[in-house]
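A.B. asks: Quick one: structure below, then a few questions.
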Amino acid sequence: MKIGIFGGTFDPIHFGHLSAALELKEQLRLDRVHFVPCHYPPHRSHPVASGKQRIAMVTAALADEKSFVADNRELLKESASFSIETIDGFRQEYGNDTSLYFFMGMDSLLNFTSWHRWKEFLNVCHIVVAARPGATAPQEDTEIGRYCLTHQTTEEKTHGTIRIFSTTPLEISASKIRKKIIEGSTPRFLLPESSWSFIKEHKLYGYS
Ligand code: ATP
């Protein structure tokens, strides 16, 4: 079995997330992809949607795509989890024969060496990176650039490689969507219609 894990704030989920996830799933022939919204660190600026609201938007957005799973495992915990702890949890749950693929956008890869226990990720999963406008692939003379080069084997394994994929670059971000809403513009067509309806119904992100 091959499983994708897509962690994020998803505040709100948008077509940048969904399109990248679908393309990665197809290129890697994964059985399914778990979308795992994280807790907010207490210092993060407000206003932001609550965990309940974010998982509700994720659940509605994934409803049509059977291989996508809205997974609230991090929100069920009392406090924020580190991604490596979540991936360890997947490994324990699925055992050693399942291939795990942790998804991230290029912007996340560029600061990956600052993540908690970052060198341990490849002991547990593969990392797959989607293109993102505004973030170019790391230079070969940087720590993360060298790390990518030395962990590229295509040999079929359950973990241990880091690969960059040329997914369709979509210049969409949750912050851009929130900004549009505060400014009174419509973010329609940047995110699923269900998310936009939810935002309006719950007057999120300053919608009025
Ligand atoms: P914000 O603008 O609030 O920072 P975001 O749009 O970057 O949010 P997150 O939920 O923080 O969304 O992102 C989760 C993951 O999805 C990250 O690894 C990020 O790089 C990736 N991602 C987000 N938007 C895109 C996109 N348009 N294309 C590819 N990857 C993306």
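Starting from 1 in every chain, residues are counted up; chains themselves are A, B, ... following the order of the structure tokens, and ligands are numbered from 1 as listed.
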Considering only strand (DSSP E or B) as DSSP defines it on the backbone, what residues of chain A qualify? List them as a PyMOL selection string.

C.D. replies: chain A and resi 2-8+32-37+68-70+99-105+126-130+132+135+162-165

A.B. asks: What residues have any atom no more than 7 Å from ligand 1 when counting only C-alpha atoms and all ligand atoms, and can you list them as a PyMOL selection string?

C.D. replies: chain A and resi 6-11+13+16-17+20+103-108+130-132+169-176

A.B. asks: When you look at Ala56 of chain A with a cut-off of 10 Å (counting only C-alpha atoms), what residues show up, excluding the ones that are within fewer than 5 positions of it in the same chain? I need them as a PDB file with N, CA and C atoms, in the first residue's frame.

C.D. replies:
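What follows is the written file around24.pdb:
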ATOM      1  N   SER A  50     -11.223  28.123  13.314  1.00  0.00           N
ATOM      2  CA  SER A  50     -10.892  27.131  14.341  1.00  0.00           C
ATOM      3  C   SER A  50     -10.570  25.793  13.663  1.00  0.00           C
ATOM      4  N   GLY A  51     -10.019  24.892  14.458  1.00  0.00           N
ATOM      5  CA  GLY A  51      -9.738  23.552  13.937  1.00  0.00           C
ATOM      6  C   GLY A  51     -11.009  22.889  13.412  1.00  0.00           C
ATOM      7  N   ALA A  61     -14.493  19.727   0.978  1.00  0.00           N
ATOM      8  CA  ALA A  61     -13.711  19.871  -0.262  1.00  0.00           C
ATOM      9  C   ALA A  61     -13.292  18.514  -0.840  1.00  0.00           C
ATOM     10  N   ALA A  70     -10.083  13.239   4.831  1.00  0.00           N
ATOM     11  CA  ALA A  70      -9.951  14.336   5.798  1.00  0.00           C
ATOM     12  C   ALA A  70      -9.600  13.687   7.135  1.00  0.00           C
ATOM     13  N   ASN A  72      -8.453  14.118  11.046  1.00  0.00           N
ATOM     14  CA  ASN A  72      -8.345  15.106  12.129  1.00  0.00           C
ATOM     15  C   ASN A  72      -7.481  14.637  13.302  1.00  0.00           C
ATOM     16  N   SER A 194     -17.678  24.829  -1.975  1.00  0.00           N
ATOM     17  CA  SER A 194     -18.147  24.468  -0.627  1.00  0.00           C
ATOM     18  C   SER A 194     -17.401  25.268   0.448  1.00  0.00           C
ATOM     19  N   SER A 195     -16.102  25.520   0.233  1.00  0.00           N
ATOM     20  CA  SER A 195     -15.322  26.285   1.221  1.00  0.00           C
ATOM     21  C   SER A 195     -15.802  27.734   1.250  1.00  0.00           C
ATOM     22  N   PHE A 198     -19.036  27.992   3.050  1.00  0.00           N
ATOM     23  CA  PHE A 198     -18.814  27.842   4.490  1.00  0.00           C
ATOM     24  C   PHE A 198     -18.274  29.146   5.081  1.00  0.00           C
TER      25      PHE A 198
END

A.B. asks: Between A:Gln27, A:Thr158, A:Thr168, A:Asn123, which is the closest to Asp88 of chain A once you count only C-alpha atoms?

C.D. replies: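 Using only C-alpha atoms, Asp88 of chain A sits closest to A:Asn123.
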
A.B. asks: Write out as a list of chain:residue names all residues of segment 140-191 of chain A that backbone DSSP assigns to alpha helix (DSSP H).

C.D. replies: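 DSSP-assigned alpha helix (DSSP H) residues in segment 140-191 of chain A: A:Glu143, A:Ile144, A:Gly145, A:Arg146, A:Tyr147, A:Cys148, A:Leu149, A:Ala174, A:Ser175, A:Lys176, A:Ile177, A:Arg178, A:Lys179, A:Lys180, A:Ile181, A:Ile182.
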
A.B. asks: Looking at A:Ile127, A:Leu30, A:Ala63, A:Met1, which one is nearest to Phe102 of chain A, with distances taken over only C-alpha atoms?

C.D. replies: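 The closest residue to Phe102 of chain A is A:Ile127.
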